[in-house]
Amino acid sequence: MDEKLKNELSRQGIFTTTLQELYNWGRTNSIWPLNFGLACCAIEMIATTMARYDMARFGAEVFRPSPRQADLMIVAGTVTKKMAPLVVRLYNQMPEPKYVISMGACAISGGPFKQGYNVLKGIDRFIPVDVYIPGCPPRPEALLDAFMELQKKIDEQPLTGTKRPRHLNAGGPSEYAVPRYGAHDLEPTKDPNLWKPPLVQIAQAGTDESGSH
Amino acid sequence: MSTATLPTAHFDLEPMTGPSKEQLLELSMGPQHPSTHGVFRMKVVLDGERVVRLKPVFGYLHRNHEKIAESETYLGSMPYTDRLDYMCSITNNWAYALAVEKLAGIQVPERAEYLRVITGELTRLQNHACLIGFLMQDMGSSGTPLMYAFREREKILDLFEALTGARMMCNYMRFGGCRVDLPDGWLDQAKKVVADFPRFLDEYEQLLVSNEILMERTQDVGVLSRELAVSAGISGPMARASGVDYDIRKVDHYSIYDRFTFRVPLGSHGDVYDRFMVRLLEMRESVSILEQAMRAVPAGPIVDPKMKIRGFRPKPGEAYGRIEAPKGELGFYLVSDGSPNPYRYRVRPPSLINLTVLEDLCLGRNVADIVAILGSIDIVLGEVDR
Amino acid sequence: MNLEAIKSEIEANVPGCRLELVANPSPSGQHSLRTGAEHAVAVAVYLRDAEDLRFDFCSNVTGIDWPSREVSEKVKVRKLVDGVEQEVEEIRKTTLAGSLEVVYHLFSVEKKHGPIVLRMRTEDRDSGVHLPSLTPVWRSAELQEREVFDLFGVVFDGHPDLRRLLMWPSFTDHPMRRDYVGPDDYEYEPTAHDEVLRRAQQHRSEADETQLGEAEGR
């Protein structure tokens with residue numbers, strides 16, 4: 001609809017909208033995160049919900065302790081291999097529509113602890129991630145920015161067509177395989193349908209040969 | 001001299017007598033639960049509401065800090081120590097720097113010692129405030145004391161950000177001193193924050209100390225006896241609440257704590273209420289230390305001028321250095337073989353060792369008391385699992 | 001606190017034990033006492049209960065891995081060289097057996113002195129890894145000895161509950177040993193170098209083959 005006509009009508013007290021806008025408006029402004037902090041980033045997440053950086057004004061008023069009642073899982077902190085099956089199980093228990101924010105360097109790719117034998121090198125090996133926040137730990141403003149990114153992403157999701165969200169797509173997956181504890185490592189080490197190593201030309205660090213396809 | 005005189009709760013894992021096994025309920029509290037201490041799991045066996053057995057499960061945040069440190073240089077491990085007890089990064093750095101200084105025989109200049117004490121005591125203030133806030137939150141006060149505590153913590157984090165560049169992971173200590181000197185006006189700002197702090201403590205005390213619900217839920221809950229505390233290696237405010245008069249600042253005479261007069265609060269009952277009160281009183285003592293220290297900061301270098309960090313290879317040998325961290329005795333044990341990397345790097349985690357007695361404290365109590373007891377032990381999983 | 005004096009006192013009062021004073025060359029001056037496995041518990045009880053010592057606070061229990069290593073030394077040997085007996089320098093290599101070491105740091109809350117460092121060594125790193133547990137003496141060793149068992153593989157006899165502490169129960173390795181090889185999940189490294197670069201390139205070529213195969217199969 002034409003913007004000018006819309007404004008004209010709204011000044012007269014007639015509001016026009018599309019079903020998609022209304023639906024997504026309700027969804028973006030009431031995202032309830034899961035009470036899920038793993039490590040240091042959890043403290044910054046708590047600081048974001050406190051009086052100074054108040055996340056409640058964005059709609060994340062209640063942090064739900066139960067995954068059955070939550071919309072968003074903010075993976076804040078290092079995911080260890082011992083913890084990984086539980087994270088995936090929690091994700092599976094969340095009802096659709098559900099989103100994941102990967103907060104901090106550790107949840108994106110293992111972070112400073114990447115060399116560790118017990119550190120999972122990124123939670124996106126097992127569950128799909130919507131927004132990544134770099135930082136160690138990211139400032140509360142960065143988390144708020146990521147939250148707004150997620151809101152923008154949800155706003156743009158159409159109700160029909162190929163790009164519709166998973167919960168309106170009966171054929172899409174909503175649960176992912178839970179890894180098991182093996183004798184030396186998790187089995188499987190990653191979900192091959194979900195995570196493939198990015199196509200980057202690997203070269204010696206410090207030379208000019210690196211580039212992407 | 002018999003070994004059987006040790007006070008312990010139980011050591012056998014035989015099936016319980018009493019109510020039949022079908023009546024018992026095994027519950028897994030965690031690793032994801034609303035108590036904000038992190039990914040910690042407790043396998044609790046209940047008879048109705050009473051705890052019959054409690055086995056903690058660790059390792060959900062085991063980030064291989066010690067193994068990584070064997071492949072890093074000594075200074076390269078300093079940012080990792082920030083992430084041990086992630087609420088108090090500066091005292092972690094201090095303990096590590098102290099251990100390396102013992103290993104290599106490095107002296108610390110005056111000004112650096114004062115800066116260490118000031119930042120260390122500020123860290124203690126914000127840790128104790130947040131701990132009380134988290135304890136209240138876990139017991140169901142829906143966030144208000146935590147909000148007050150975080151308000152003060154934000155003021156202190158602003159100071160840290162102005163000084164070190166980061167709110168939480170300060171990476172502030174170096175071997176032989178500190179990384180960066182005070183910017184202009186920092187000391188005045190810090191004096192203002194410390195001058196305002198007693199008013200916050202008065203407000204906190206007024207709200208909490210005679211609060212009926214708090215007293216009902218915490219007095220005579222989780223009583224830790226003095227003998228068990230010493231035998232189980234409990235340190236810090238948890239031990240002092242049980243009457244153990246051991247504060248490493250007074251015992252080891254490390255840094256320049258001998259120049260400041262401060263008292264060490266001791267509890268007599270050893271219950272959750274005493275641990276809460278000891279921390280409240282320790283905050284007042286920290287304010288007093290801060291006031292004394294900030295009045296007398298001398299000029300001078302902030303790092304030992306003889307210290308060369310490039311090619312730092314301490315002589316072969318070993319050292320154990322410890323400080324009174326806000327959570328207890330934080331120690332670092334380093335074994336050097338003359339190379340730039342440590343041969344063995346060990347963190348003595350106060351939170352893990354304070355959890356030795358978790359089961360003893362919770363036996364026979366209700367499920368709701370477990371949360372209060374765990375909150376009063378003051379654990380941070382980054383330190384427990386390393 | 002004179003460690004020599006303490007050593008003689010313990011040897012006088014605990015029948016049969018022989019302690020070894022291990023000097024610490026660093027400026028920290030924290031020398032240690034090494035005890036054998038059979039008398040360790042008796043020594044520990046004496047340290048805890050003796051009137052002048054009273055080391056009732058076991059602060060830190062840790063393990064160290066000393067893998068077996070070759071020591072080469074030059075030895076002068078008389079040998080026949082071209083028919084003439086001469087003194088020749090020969091390099092003799094001996095293999096020092098590896099062992100796992102457990103170190104205890106003890107303090108006294110009552111007398112406010114310390115630390116005393118107590119050490120024990122296992123026989124080797126394979127099957128002879130049993131050591132007596134000091135948990136009946138100091139309760140604080142309970143969780144820390146479990147950690148040494150988990151990460152190094154030292155089996156503590158007499159420990160009330162010896163299980164893995166940090167890794168999951170079906171894990172089979174002892175990660176803090178020097179010869180532990182961690183799992184290889186270095187598929188993507190933005191600034192790889194040295195060993196990690198080699199492994200990442202290997203993964204990269206494997207991934208290329210799989211993706212090529214998938215493209216052909218389509």
# chains A, B, ... in the order shown; residues from 1 in each chain; ligands from 1
>>> residues_around(residues="range 210-226 of chain B", least_positions_apart="4", cutoff="7 Å", atoms="only C-alpha atoms", output="PyMOL selection string")
chain B and resi 230+242-244+269-273+361-362+373
>>> write_last_selection(atoms="all heavy atoms", output="mmCIF file, in the first residue's frame")
data_model
loop_
_atom_site.group_PDB
_atom_site.id
_atom_site.type_symbol
_atom_site.label_atom_id
_atom_site.label_comp_id
_atom_site.auth_asym_id
_atom_site.auth_seq_id
_atom_site.Cartn_x
_atom_site.Cartn_y
_atom_site.Cartn_z
ATOM 1 N N VAL B 230 37.978 -26.952 58.413
ATOM 2 C CA VAL B 230 39.432 -26.981 58.283
ATOM 3 C C VAL B 230 39.871 -28.236 57.557
ATOM 4 O O VAL B 230 40.721 -28.207 56.670
ATOM 5 C CB VAL B 230 40.080 -26.905 59.678
ATOM 6 C CG1 VAL B 230 41.561 -27.150 59.572
ATOM 7 C CG2 VAL B 230 39.826 -25.557 60.293
ATOM 8 N N SER B 242 32.332 -20.049 59.796
ATOM 9 C CA SER B 242 32.291 -21.167 60.733
ATOM 10 C C SER B 242 33.260 -20.978 61.879
ATOM 11 O O SER B 242 33.486 -21.902 62.652
ATOM 12 C CB SER B 242 32.635 -22.469 60.007
ATOM 13 O OG SER B 242 31.687 -22.734 59.034
ATOM 14 N N GLY B 243 33.867 -19.809 61.955
ATOM 15 C CA GLY B 243 34.727 -19.528 63.086
ATOM 16 C C GLY B 243 36.198 -19.804 62.861
ATOM 17 O O GLY B 243 36.988 -19.712 63.796
ATOM 18 N N VAL B 244 36.584 -20.134 61.634
ATOM 19 C CA VAL B 244 38.001 -20.398 61.370
ATOM 20 C C VAL B 244 38.688 -19.055 61.139
ATOM 21 O O VAL B 244 38.410 -18.374 60.169
ATOM 22 C CB VAL B 244 38.157 -21.282 60.117
ATOM 23 C CG1 VAL B 244 39.612 -21.513 59.823
ATOM 24 C CG2 VAL B 244 37.428 -22.582 60.310
ATOM 25 N N HIS B 269 28.000 -19.450 64.021
ATOM 26 C CA HIS B 269 27.110 -20.577 63.788
ATOM 27 C C HIS B 269 27.497 -21.374 62.554
ATOM 28 O O HIS B 269 27.242 -22.563 62.486
ATOM 29 C CB HIS B 269 25.670 -20.095 63.611
ATOM 30 C CG HIS B 269 25.152 -19.334 64.774
ATOM 31 N ND1 HIS B 269 24.586 -19.946 65.861
ATOM 32 C CD2 HIS B 269 25.130 -18.013 65.044
ATOM 33 C CE1 HIS B 269 24.223 -19.035 66.741
ATOM 34 N NE2 HIS B 269 24.550 -17.848 66.265
ATOM 35 N N GLY B 270 28.051 -20.728 61.564
ATOM 36 C CA GLY B 270 28.413 -21.454 60.349
ATOM 37 C C GLY B 270 27.242 -21.780 59.460
ATOM 38 O O GLY B 270 27.321 -22.661 58.613
ATOM 39 N N ASP B 271 26.127 -21.067 59.627
ATOM 40 C CA ASP B 271 24.986 -21.349 58.755
ATOM 41 C C ASP B 271 24.982 -20.369 57.590
ATOM 42 O O ASP B 271 25.852 -19.513 57.457
ATOM 43 C CB ASP B 271 23.674 -21.301 59.534
ATOM 44 C CG ASP B 271 23.516 -20.002 60.310
ATOM 45 O OD1 ASP B 271 24.300 -19.057 60.069
ATOM 46 O OD2 ASP B 271 22.628 -19.927 61.167
ATOM 47 N N VAL B 272 23.940 -20.453 56.765
ATOM 48 C CA VAL B 272 23.877 -19.598 55.577
ATOM 49 C C VAL B 272 23.792 -18.127 55.982
ATOM 50 O O VAL B 272 24.390 -17.247 55.360
ATOM 51 C CB VAL B 272 22.662 -20.000 54.715
ATOM 52 C CG1 VAL B 272 22.449 -19.018 53.580
ATOM 53 C CG2 VAL B 272 22.860 -21.390 54.159
ATOM 54 N N TYR B 273 23.079 -17.867 57.054
ATOM 55 C CA TYR B 273 22.935 -16.474 57.511
ATOM 56 C C TYR B 273 24.284 -15.900 57.907
ATOM 57 O O TYR B 273 24.597 -14.750 57.600
ATOM 58 C CB TYR B 273 21.971 -16.438 58.690
ATOM 59 C CG TYR B 273 21.560 -15.043 59.094
ATOM 60 C CD1 TYR B 273 20.680 -14.313 58.314
ATOM 61 C CD2 TYR B 273 22.071 -14.457 60.244
ATOM 62 C CE1 TYR B 273 20.315 -13.044 58.661
ATOM 63 C CE2 TYR B 273 21.701 -13.188 60.602
ATOM 64 C CZ TYR B 273 20.821 -12.483 59.802
ATOM 65 O OH TYR B 273 20.457 -11.220 60.154
ATOM 66 N N LEU B 361 26.336 -30.588 53.988
ATOM 67 C CA LEU B 361 25.485 -29.496 54.433
ATOM 68 C C LEU B 361 24.031 -29.715 54.060
ATOM 69 O O LEU B 361 23.135 -29.223 54.729
ATOM 70 C CB LEU B 361 25.959 -28.174 53.815
ATOM 71 C CG LEU B 361 27.370 -27.715 54.173
ATOM 72 C CD1 LEU B 361 27.631 -26.376 53.529
ATOM 73 C CD2 LEU B 361 27.530 -27.603 55.655
ATOM 74 N N CYS B 362 23.784 -30.429 52.951
ATOM 75 C CA CYS B 362 22.415 -30.519 52.461
ATOM 76 C C CYS B 362 21.654 -31.725 52.974
ATOM 77 O O CYS B 362 20.436 -31.787 52.840
ATOM 78 C CB CYS B 362 22.405 -30.588 50.930
ATOM 79 S SG CYS B 362 22.915 -29.064 50.164
ATOM 80 N N ILE B 373 21.837 -23.006 50.223
ATOM 81 C CA ILE B 373 23.184 -23.427 50.632
ATOM 82 C C ILE B 373 24.161 -23.241 49.480
ATOM 83 O O ILE B 373 25.267 -22.725 49.651
ATOM 84 C CB ILE B 373 23.160 -24.893 51.115
ATOM 85 C CG1 ILE B 373 22.346 -24.991 52.402
ATOM 86 C CG2 ILE B 373 24.558 -25.418 51.327
ATOM 87 C CD1 ILE B 373 22.059 -26.395 52.822
#
>>> residues_around(residues="range 34-43 of chain B", least_positions_apart="4", cutoff="8 Å", atoms="only C-alpha atoms", output="list in words")
Asn35, Phe36, Gly37, Leu38, Ala39 and Pro65 of chain A; Glu26, Leu27, Ser28, Met29, Gly30, Leu54, Lys55, Pro56, Val57, Phe58, Tyr60, Leu61, Phe134, Asp138, Val371, Gly375, Ile379, Val380 and Leu381 of chain B
>>> write_last_selection(atoms="N, CA and C atoms", output="CSV table (one decimal), in the first residue's frame")
chain,number,residue,atom,x,y,z
A,35,ASN,N,16.5,-19.0,30.1
A,35,ASN,CA,17.4,-18.7,31.2
A,35,ASN,C,18.6,-19.6,31.0
A,36,PHE,N,19.6,-19.2,30.2
A,36,PHE,CA,20.6,-20.2,29.8
A,36,PHE,C,22.0,-19.5,29.7
A,37,GLY,N,22.7,-19.4,30.7
A,37,GLY,CA,24.0,-18.9,30.6
A,37,GLY,C,25.1,-19.9,31.0
A,38,LEU,N,26.1,-20.0,30.2
A,38,LEU,CA,27.1,-21.0,30.4
A,38,LEU,C,28.3,-20.5,31.2
A,39,ALA,N,28.8,-19.4,30.7
A,39,ALA,CA,30.1,-18.9,31.3
A,39,ALA,C,30.1,-17.4,31.4
A,65,PRO,N,12.7,-20.1,32.7
A,65,PRO,CA,13.6,-21.2,33.1
A,65,PRO,C,13.3,-22.5,32.3
B,26,GLU,N,14.8,-39.7,42.4
B,26,GLU,CA,16.1,-39.1,42.0
B,26,GLU,C,15.9,-37.9,41.1
B,27,LEU,N,16.4,-36.8,41.4
B,27,LEU,CA,16.2,-35.6,40.6
B,27,LEU,C,17.6,-35.1,40.1
B,28,SER,N,17.6,-34.5,39.0
B,28,SER,CA,18.8,-33.9,38.5
B,28,SER,C,18.6,-32.4,38.5
B,29,MET,N,19.3,-31.7,39.4
B,29,MET,CA,19.2,-30.3,39.4
B,29,MET,C,20.3,-29.7,38.5
B,30,GLY,N,19.9,-29.2,37.4
B,30,GLY,CA,20.9,-28.6,36.5
B,30,GLY,C,21.2,-29.6,35.4
B,54,LEU,N,23.2,-36.5,47.9
B,54,LEU,CA,23.4,-35.5,46.9
B,54,LEU,C,24.8,-35.7,46.3
B,55,LYS,N,24.8,-35.9,45.0
B,55,LYS,CA,26.1,-36.1,44.3
B,55,LYS,C,26.3,-35.0,43.3
B,56,PRO,N,27.3,-34.1,43.4
B,56,PRO,CA,27.5,-33.1,42.4
B,56,PRO,C,28.2,-33.7,41.2
B,57,VAL,N,27.9,-33.2,40.0
B,57,VAL,CA,28.6,-33.6,38.8
B,57,VAL,C,29.3,-32.3,38.2
B,58,PHE,N,30.6,-32.4,38.1
B,58,PHE,CA,31.3,-31.3,37.6
B,58,PHE,C,31.7,-31.5,36.1
B,60,TYR,N,31.1,-29.5,33.3
B,60,TYR,CA,30.3,-29.0,32.2
B,60,TYR,C,30.9,-27.7,31.6
B,61,LEU,N,31.9,-27.1,32.4
B,61,LEU,CA,32.6,-26.0,31.8
B,61,LEU,C,34.1,-26.2,31.8
B,134,PHE,N,22.7,-12.4,44.1
B,134,PHE,CA,22.3,-13.7,43.5
B,134,PHE,C,21.7,-14.6,44.6
B,138,ASP,N,18.1,-16.3,44.1
B,138,ASP,CA,17.8,-17.7,44.1
B,138,ASP,C,16.7,-18.1,45.1
B,371,VAL,N,19.2,-24.8,47.4
B,371,VAL,CA,19.5,-23.6,46.6
B,371,VAL,C,20.1,-22.5,47.5
B,375,GLY,N,23.9,-21.2,47.1
B,375,GLY,CA,24.2,-19.8,46.9
B,375,GLY,C,25.1,-19.2,47.9
B,379,ILE,N,30.0,-20.1,44.3
B,379,ILE,CA,30.8,-20.7,43.4
B,379,ILE,C,30.7,-20.0,42.0
B,380,VAL,N,31.7,-20.2,41.2
B,380,VAL,CA,31.7,-19.7,39.9
B,380,VAL,C,32.2,-20.8,39.0
B,381,LEU,N,31.5,-21.3,38.1
B,381,LEU,CA,31.8,-22.5,37.4
B,381,LEU,C,33.1,-22.4,36.6
>>> atom_distance(atom1="CA of Pro67 in chain C", atom2="CA of Gly36 in chain C")
19.3 Å
>>> interface_residues(of="chain A", to="chain B", cutoff="10 Å", atoms="only C-alpha atoms", output="compact mmCIF listing (two decimals) with N, CA, C and O atoms, in the first residue's frame")
# COMPACT_ATOMS: atom_id res chain seq x y z
N LEU A 34 15.45 -18.00 26.91
CA LEU A 34 15.61 -19.09 27.88
C LEU A 34 16.70 -18.68 28.86
O LEU A 34 17.69 -18.05 28.49
N ASN A 35 16.49 -19.01 30.11
CA ASN A 35 17.43 -18.68 31.18
C ASN A 35 18.64 -19.58 31.03
O ASN A 35 18.75 -20.59 31.68
N PHE A 36 19.58 -19.24 30.17
CA PHE A 36 20.62 -20.20 29.81
C PHE A 36 21.96 -19.52 29.66
O PHE A 36 22.33 -19.06 28.60
N GLY A 37 22.72 -19.43 30.74
CA GLY A 37 24.04 -18.86 30.64
C GLY A 37 25.06 -19.92 30.96
O GLY A 37 24.90 -20.69 31.89
N LEU A 38 26.10 -19.99 30.18
CA LEU A 38 27.08 -21.03 30.41
C LEU A 38 28.28 -20.50 31.18
O LEU A 38 28.69 -21.09 32.15
N ALA A 39 28.85 -19.39 30.72
CA ALA A 39 30.11 -18.92 31.31
C ALA A 39 30.09 -17.40 31.43
O ALA A 39 29.06 -16.81 31.67
N CYS A 40 31.26 -16.80 31.21
CA CYS A 40 31.42 -15.36 31.44
C CYS A 40 30.40 -14.50 30.69
O CYS A 40 29.97 -13.47 31.20
N CYS A 41 30.07 -14.89 29.46
CA CYS A 41 29.09 -14.10 28.72
C CYS A 41 27.76 -14.05 29.42
O CYS A 41 26.98 -13.11 29.23
N ALA A 42 27.48 -15.05 30.25
CA ALA A 42 26.22 -15.05 30.98
C ALA A 42 26.15 -13.86 31.91
O ALA A 42 25.07 -13.29 32.11
N ILE A 43 27.28 -13.47 32.49
CA ILE A 43 27.26 -12.33 33.41
C ILE A 43 26.95 -11.06 32.63
O ILE A 43 26.22 -10.19 33.10
N GLU A 44 27.50 -10.94 31.41
CA GLU A 44 27.16 -9.76 30.61
C GLU A 44 25.70 -9.82 30.18
O GLU A 44 25.04 -8.79 30.04
N ILE A 46 23.32 -11.09 32.02
CA ILE A 46 22.59 -10.66 33.20
C ILE A 46 22.68 -9.15 33.34
O ILE A 46 21.70 -8.48 33.65
N ALA A 47 23.88 -8.60 33.08
CA ALA A 47 24.04 -7.14 33.16
C ALA A 47 23.13 -6.45 32.15
O ALA A 47 22.65 -5.35 32.40
N THR A 49 20.22 -7.41 31.35
CA THR A 49 18.83 -7.41 31.82
C THR A 49 18.65 -6.53 33.04
O THR A 49 17.53 -6.36 33.51
N MET A 50 19.76 -6.01 33.58
CA MET A 50 19.65 -5.21 34.79
C MET A 50 19.30 -3.76 34.44
O MET A 50 19.12 -3.42 33.29
N ALA A 51 19.22 -2.94 35.45
CA ALA A 51 18.60 -1.63 35.28
C ALA A 51 19.32 -0.74 34.27
O ALA A 51 18.70 0.11 33.65
N ARG A 52 20.65 -0.92 34.09
CA ARG A 52 21.34 0.05 33.27
C ARG A 52 21.09 -0.17 31.79
O ARG A 52 20.94 0.77 31.03
N PHE A 63 12.65 -14.02 31.45
CA PHE A 63 13.54 -15.10 31.05
C PHE A 63 12.92 -16.38 31.59
O PHE A 63 12.80 -16.55 32.80
N ARG A 64 12.52 -17.26 30.72
CA ARG A 64 11.85 -18.46 31.17
C ARG A 64 12.84 -19.51 31.59
O ARG A 64 13.80 -19.79 30.88
N PRO A 65 12.65 -20.15 32.72
CA PRO A 65 13.56 -21.22 33.10
C PRO A 65 13.33 -22.51 32.34
O PRO A 65 14.23 -23.32 32.20
N SER A 66 12.12 -22.69 31.82
CA SER A 66 11.86 -23.96 31.14
C SER A 66 11.94 -23.77 29.64
O SER A 66 11.37 -22.82 29.10
N PRO A 67 12.62 -24.67 28.92
CA PRO A 67 12.71 -24.49 27.48
C PRO A 67 11.38 -24.61 26.78
O PRO A 67 11.21 -24.07 25.69
N GLY A 77 28.46 -18.24 26.29
CA GLY A 77 29.58 -18.87 26.96
C GLY A 77 30.09 -20.07 26.19
O GLY A 77 29.53 -20.47 25.17
N THR A 78 31.16 -20.65 26.72
CA THR A 78 31.79 -21.78 26.04
C THR A 78 30.90 -23.01 26.14
O THR A 78 30.46 -23.37 27.22
N VAL A 79 30.69 -23.68 25.00
CA VAL A 79 29.98 -24.95 25.02
C VAL A 79 31.04 -26.03 25.06
O VAL A 79 31.85 -26.15 24.14
N THR A 80 31.08 -26.79 26.14
CA THR A 80 32.05 -27.87 26.19
C THR A 80 31.43 -29.12 25.60
O THR A 80 30.22 -29.22 25.43
N LYS A 81 32.30 -30.09 25.31
CA LYS A 81 31.76 -31.31 24.71
C LYS A 81 30.88 -32.05 25.70
O LYS A 81 29.95 -32.74 25.32
N LYS A 82 31.17 -31.89 26.99
CA LYS A 82 30.32 -32.54 27.98
C LYS A 82 28.94 -31.91 28.00
O LYS A 82 27.95 -32.56 28.29
N MET A 83 28.87 -30.63 27.71
CA MET A 83 27.61 -29.90 27.78
C MET A 83 26.85 -29.95 26.47
O MET A 83 25.64 -29.73 26.45
N ALA A 84 27.54 -30.23 25.35
CA ALA A 84 26.91 -30.11 24.03
C ALA A 84 25.64 -30.94 23.87
O ALA A 84 24.64 -30.42 23.37
N LEU A 86 23.48 -31.72 25.95
CA LEU A 86 22.39 -31.12 26.71
C LEU A 86 21.89 -29.86 26.04
O LEU A 86 20.69 -29.57 26.07
N VAL A 87 22.80 -29.09 25.43
CA VAL A 87 22.37 -27.89 24.72
C VAL A 87 21.44 -28.28 23.57
O VAL A 87 20.39 -27.67 23.36
N LEU A 90 18.11 -29.34 24.89
CA LEU A 90 17.30 -28.19 25.27
C LEU A 90 16.71 -27.52 24.05
O LEU A 90 15.54 -27.13 24.04
N GLY A 110 34.46 -21.58 19.49
CA GLY A 110 35.41 -22.12 20.46
C GLY A 110 36.20 -21.04 21.17
O GLY A 110 36.67 -21.25 22.27
N PRO A 112 38.78 -18.31 22.73
CA PRO A 112 40.16 -18.46 23.18
C PRO A 112 40.51 -19.89 23.58
O PRO A 112 41.68 -20.26 23.63
N PHE A 113 39.50 -20.73 23.85
CA PHE A 113 39.76 -22.08 24.32
C PHE A 113 39.73 -23.08 23.19
O PHE A 113 39.53 -24.27 23.41
N LYS A 114 39.96 -22.61 21.97
CA LYS A 114 39.78 -23.46 20.81
C LYS A 114 40.67 -24.70 20.85
O LYS A 114 40.32 -25.73 20.33
N GLN A 115 41.85 -24.58 21.48
CA GLN A 115 42.74 -25.74 21.49
C GLN A 115 42.30 -26.81 22.44
O GLN A 115 42.90 -27.87 22.50
N GLY A 116 41.26 -26.56 23.23
CA GLY A 116 40.92 -27.50 24.28
C GLY A 116 40.34 -28.80 23.77
O GLY A 116 39.58 -28.82 22.81
N TYR A 117 40.66 -29.89 24.45
CA TYR A 117 40.13 -31.18 24.03
C TYR A 117 38.67 -31.33 24.41
O TYR A 117 37.97 -32.16 23.87
N ASN A 118 38.20 -30.51 25.35
CA ASN A 118 36.82 -30.64 25.81
C ASN A 118 35.96 -29.51 25.30
O ASN A 118 34.83 -29.36 25.72
N VAL A 119 36.47 -28.68 24.38
CA VAL A 119 35.73 -27.51 23.95
C VAL A 119 35.12 -27.77 22.60
O VAL A 119 35.81 -28.18 21.67
N LEU A 120 33.82 -27.54 22.47
CA LEU A 120 33.16 -27.67 21.19
C LEU A 120 33.42 -26.40 20.40
O LEU A 120 33.22 -25.30 20.89
N CYS A 136 34.50 -10.83 23.57
CA CYS A 136 34.90 -11.74 24.63
C CYS A 136 35.07 -10.98 25.94
O CYS A 136 36.18 -10.64 26.31
N PRO A 137 34.04 -10.69 26.73
CA PRO A 137 32.64 -10.88 26.33
C PRO A 137 32.12 -9.69 25.56
O PRO A 137 32.66 -8.60 25.69
N PRO A 138 31.09 -9.85 24.75
CA PRO A 138 30.53 -8.69 24.06
C PRO A 138 29.87 -7.76 25.07
O PRO A 138 29.33 -8.20 26.08
N ARG A 139 29.93 -6.49 24.80
CA ARG A 139 29.33 -5.52 25.70
C ARG A 139 27.82 -5.71 25.71
O ARG A 139 27.24 -6.21 24.75
>>> closest_residue(among="C:Ser72, C:Thr95, C:Thr62, C:Ser170", to="chain B", atoms="only C-alpha atoms")
C:Thr62
>>> closest_residue(among="A:Ala105, A:Tyr132, A:Gly111, A:Leu19", to="Ile74 in chain A", atoms="only C-alpha atoms")
A:Tyr132
>>> select_by_dssp(residues="range 56-194 of chain C", states="helix (DSSP H, G or I)", output="PyMOL selection string")
chain C and resi 141-151+194
>>> select_by_dssp(residues="range 59-155 of chain A", states="strand (DSSP E)", output="PyMOL selection string")
chain A and resi 72-76+99-103+131-133
>>> closest_atom_pairs(of="chain C", to="chain B", cutoff="8 Å", atoms="only C-alpha atoms", output="tab-separated table")
residue	atom	partner	partner_atom	distance
C:Asn24	CA	B:Gly317	CA	5.4
C:Pro25	CA	B:Gly317	CA	5.2
C:Ser26	CA	B:Gly317	CA	4.6
C:Pro27	CA	B:Gly105	CA	5.3
C:Ser28	CA	B:Lys102	CA	5.0
C:Gly29	CA	B:Ala319	CA	8.0
C:Gln30	CA	B:Ala319	CA	6.6
C:Val45	CA	B:Met1	CA	7.0
C:Tyr46	CA	B:Met1	CA	7.5
C:Asp49	CA	B:Met1	CA	6.7
C:Asp56	CA	B:Ser231	CA	6.3
C:Phe57	CA	B:Gly233	CA	5.7
C:Cys58	CA	B:Gly233	CA	6.0
C:Ser59	CA	B:Gly233	CA	5.9
C:Asn60	CA	B:Arg348	CA	6.0
C:Thr62	CA	B:Arg346	CA	7.3
C:Ile64	CA	B:Arg344	CA	6.7
C:Val109	CA	B:Tyr246	CA	6.5
C:Lys112	CA	B:Val251	CA	6.4
C:Pro136	CA	B:Thr3	CA	6.3
C:Val137	CA	B:Thr3	CA	6.0
C:Trp138	CA	B:Ser231	CA	5.3
C:Arg139	CA	B:Ala232	CA	4.4
C:Ser140	CA	B:Ala232	CA	4.0
C:Ala141	CA	B:Ala232	CA	7.6
C:Glu142	CA	B:Thr356	CA	7.4
C:Leu143	CA	B:Thr356	CA	6.6
C:Gln144	CA	B:Ile353	CA	7.8
C:Pro160	CA	B:Phe11	CA	5.8
C:Asp161	CA	B:Phe11	CA	7.7
C:Leu165	CA	B:Phe58	CA	6.1
C:Leu166	CA	B:Gly59	CA	3.9
C:Met167	CA	B:Gly59	CA	5.9
C:Trp168	CA	B:Gly59	CA	7.8
C:Met176	CA	B:Lys67	CA	6.3
>>> interface_residues(of="chain C", to="chain A", cutoff="12 Å", atoms="only C-alpha atoms", output="MDAnalysis selection string")
chainID C and resid 151 165:176 180:208 210:211
>>> closest_residue(among="C:Ser68, C:Thr94, C:Ser108, C:Thr122", to="Gly153 in chain C", atoms="only C-alpha atoms")
C:Thr122
>>> residues_around(residues="Pro97 in chain A", least_positions_apart="3", cutoff="10 Å", atoms="only C-alpha atoms", output="ChimeraX atom specification")
/A:27,70-72,94,165-168,174
>>> residues_around(residues="range 116-130 of chain B", least_positions_apart="4", cutoff="8 Å", atoms="only C-alpha atoms", output="JSON, numbers by chain")
{"B": [87, 88, 89, 90, 91, 94, 112, 134, 146, 149, 150, 152, 153, 156, 173, 178, 255, 256, 257, 279, 280, 283, 286, 287, 289, 290, 293, 294, 325, 326]}
